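Q: See final17.cif below, with mmCIF, C-alpha atoms.
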```cif
data_protein
loop_
_atom_site.group_PDB
_atom_site.id
_atom_site.type_symbol
_atom_site.label_atom_id
_atom_site.label_comp_id
_atom_site.auth_asym_id
_atom_site.auth_seq_id
_atom_site.Cartn_x
_atom_site.Cartn_y
_atom_site.Cartn_z
ATOM 1 C CA MET H 1 -124.169 126.139 95.827
ATOM 2 C CA SER H 2 -121.201 126.771 93.551
ATOM 3 C CA VAL H 3 -120.714 129.147 90.653
ATOM 4 C CA VAL H 4 -118.768 128.019 87.595
ATOM 5 C CA SER H 5 -117.666 130.218 84.702
ATOM 6 C CA ILE H 6 -118.629 128.534 81.426
ATOM 7 C CA PRO H 7 -116.924 129.831 78.254
ATOM 8 C CA ILE H 8 -119.100 129.730 75.149
ATOM 9 C CA VAL H 9 -117.621 131.229 71.986
ATOM 10 C CA ASN H 10 -115.073 133.359 73.879
ATOM 11 C CA LYS H 11 -117.555 134.782 76.393
ATOM 12 C CA ASN H 12 -117.793 133.587 79.992
ATOM 13 C CA TYR H 13 -121.166 132.855 81.554
ATOM 14 C CA PRO H 14 -121.312 132.363 85.342
ATOM 15 C CA MET H 15 -123.663 129.518 86.215
ATOM 16 C CA GLY H 16 -124.780 128.140 89.537
ATOM 17 C CA CYS H 17 -124.836 124.450 90.331
ATOM 18 C CA GLU H 18 -125.057 122.118 93.295
ATOM 19 C CA ASP H 19 -121.807 121.477 95.127
ATOM 20 C CA GLY H 20 -120.047 118.536 93.515
ATOM 21 C CA GLN H 21 -121.628 119.146 90.091
ATOM 22 C CA GLU H 22 -118.989 121.601 88.866
ATOM 23 C CA ALA H 23 -117.161 119.110 86.630
ATOM 24 C CA ARG H 24 -120.411 117.992 85.002
ATOM 25 C CA LEU H 25 -121.427 121.582 84.316
ATOM 26 C CA ILE H 26 -118.011 122.297 82.796
ATOM 27 C CA GLU H 27 -118.333 119.245 80.518
ATOM 28 C CA LEU H 28 -121.829 120.306 79.442
ATOM 29 C CA GLY H 29 -120.482 123.795 78.767
ATOM 30 C CA LYS H 30 -117.774 122.320 76.526
ATOM 31 C CA MET H 31 -120.438 120.452 74.552
ATOM 32 C CA VAL H 32 -122.525 123.618 74.122
ATOM 33 C CA ASP H 33 -119.429 125.604 73.122
ATOM 34 C CA ALA H 34 -118.507 122.982 70.525
ATOM 35 C CA ARG H 35 -122.001 123.021 68.995
ATOM 36 C CA ALA H 36 -122.063 126.836 68.960
ATOM 37 C CA ARG H 37 -118.714 126.875 67.152
ATOM 38 C CA GLU H 38 -119.961 124.307 64.622
ATOM 39 C CA ILE H 39 -122.966 126.515 63.898
ATOM 40 C CA LEU H 40 -120.775 129.585 63.442
ATOM 41 C CA ASP H 41 -118.398 127.652 61.177
ATOM 42 C CA LYS H 42 -121.319 126.594 58.975
ATOM 43 C CA ILE H 43 -123.299 129.824 58.735
ATOM 44 C CA GLY H 44 -120.860 132.556 59.705
ATOM 45 C CA PRO H 45 -120.969 135.261 62.356
ATOM 46 C CA LEU H 46 -124.251 135.857 64.170
ATOM 47 C CA PRO H 47 -125.385 138.307 66.831
ATOM 48 C CA GLU H 48 -125.363 136.687 70.277
ATOM 49 C CA SER H 49 -129.161 136.457 70.466
ATOM 50 C CA ALA H 50 -129.404 134.816 67.025
ATOM 51 C CA LEU H 51 -126.670 132.338 67.937
ATOM 52 C CA LEU H 52 -128.486 131.525 71.183
ATOM 53 C CA ALA H 53 -131.789 130.926 69.390
ATOM 54 C CA THR H 54 -130.133 128.805 66.693
ATOM 55 C CA LEU H 55 -128.192 126.820 69.283
ATOM 56 C CA CYS H 56 -131.357 126.144 71.299
ATOM 57 C CA ILE H 57 -133.201 124.890 68.220
ATOM 58 C CA VAL H 58 -130.284 122.659 67.163
ATOM 59 C CA LEU H 59 -129.929 121.170 70.660
ATOM 60 C CA ALA H 60 -133.703 120.700 71.014
ATOM 61 C CA ASP H 61 -133.729 118.885 67.681
ATOM 62 C CA GLU H 62 -130.906 116.621 68.860
ATOM 63 C CA VAL H 63 -132.736 115.857 72.104
ATOM 64 C CA GLN H 64 -135.948 115.060 70.262
ATOM 65 C CA ASN H 65 -134.159 112.818 67.772
ATOM 66 C CA ARG H 66 -132.237 111.103 70.552
ATOM 67 C CA SER H 67 -135.434 110.200 72.376
ATOM 68 C CA HIS H 68 -136.336 108.060 69.378
ATOM 69 C CA THR H 69 -133.100 106.077 69.446
ATOM 70 C CA PRO H 70 -132.659 103.144 71.820
ATOM 71 C CA LEU H 71 -130.430 103.635 74.845
ATOM 72 C CA ASN H 72 -127.119 101.811 74.871
ATOM 73 C CA ASP H 73 -125.341 100.286 77.883
ATOM 74 C CA THR H 74 -123.358 103.458 78.548
ATOM 75 C CA ASP H 75 -126.534 105.555 78.591
ATOM 76 C CA LEU H 76 -128.200 103.129 80.982
ATOM 77 C CA LYS H 77 -125.168 103.090 83.295
ATOM 78 C CA GLU H 78 -125.144 106.903 83.405
ATOM 79 C CA ILE H 79 -128.867 106.979 84.190
ATOM 80 C CA LEU H 80 -128.445 104.375 86.930
ATOM 81 C CA ALA H 81 -125.513 106.301 88.438
ATOM 82 C CA ARG H 82 -127.583 109.495 88.460
ATOM 83 C CA ILE H 83 -130.531 107.706 90.100
ATOM 84 C CA ARG H 84 -128.212 106.305 92.784
ATOM 85 C CA GLU H 85 -126.728 109.764 93.373
ATOM 86 C CA ILE H 86 -130.198 111.300 93.799
ATOM 87 C CA LYS H 87 -131.246 108.443 96.116
ATOM 88 C CA ARG H 88 -128.117 108.979 98.213
ATOM 89 C CA LYS H 89 -128.885 112.702 98.549
ATOM 90 C CA ILE H 90 -132.516 112.050 99.465
ATOM 91 C CA THR H 91 -131.720 109.454 102.115
ATOM 92 C CA GLN H 92 -128.970 111.433 103.867
#
```
So that I can check it, write out the structure of this file as structure tokens.
A:
Amino acid sequence: MSVVSIPIVNKNYPMGCEDGQEARLIELGKMVDARAREILDKIGPLPESALLATLCIVLADEVQNRSHTPLNDTDLKEILARIREIKRKITQ
């Protein structure tokens, strides 16, 4: 297991992940950081807990809305790659 430091709005959060997943976690962290910064740009400074709650609601809303949109070829390729990766790990 690896630990990666994920910066979100100028604060680092250490997060554990499976070996080999560090780059993915860093990319996800960049996406979360970008959304957090967008929220702060729109509504101004917030205490950390309020930002966290707002960010969770915004991301949950995006996930829910995304589940209603059809998957494109890129989405399907990513899902297939992830399934193959899990299969490879299981069958080792």
Q: Around all the atoms of segment 47-56 of chain H listed in the file, draw an axis-aligned box and extend it by 3 Å on each of the six sides; I want its centre and edge lengths in Å to one decimal, as AutoDock Vina command-line options.
A:
```
--center_x -128.6 --center_y 132.2 --center_z 69.0 --size_x 12.4 --size_y 18.2 --size_z 10.6
```
Q: Nearest residue to Glu27 of chain H out of H:Ile6, H:Ile86, H:Ile39, H:Met1, using only C-alpha atoms?
A: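 Ranked by minimum distance to Glu27 of chain H, first place goes to H:Ile6.
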Q: Would you work out the distance separating atom CA of Arg66 of chain H from atom CA of Val32 of chain H, expressed in Å to one decimal?
A: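 Between atom CA of Arg66 of chain H and atom CA of Val32 of chain H the gap is 16.2 Å.
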Q: Using only C-alpha atoms, which of the listed residues (H:Lys30, H:Lys77, H:Lys11, H:Arg35) sits closest to Val58 of chain H?
A: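 For Val58 of chain H, the nearest of the candidates is H:Arg35.
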Q: Nearest residue to Gln21 of chain H out of H:Arg82, H:Asn72, H:Leu40, H:Asp33, using all atoms listed in the file?
A: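 With all atoms listed in the file as the atom set, the closest residue is H:Arg82.
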Q: Please provide the set of residues having any atom within 9 Å of Pro14 of chain H, restricted to only C-alpha atoms, with same-chain residues fewer than 4 positions apart removed, written as a list in words.
A: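 Here the qualifying residues turn out to be Val3, Val4, Ser5, Ile6 and Pro7 of chain H.
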Q: Need the shell around Gly20 of chain H: protein/DNA/RNA residues with any atom at most 10 Å away, counting all atoms listed in the file. Skip same-chain ones fewer than 4 positions apart. Format as a PyMOL selection string?
A: chain H and resi 1-2+24-25
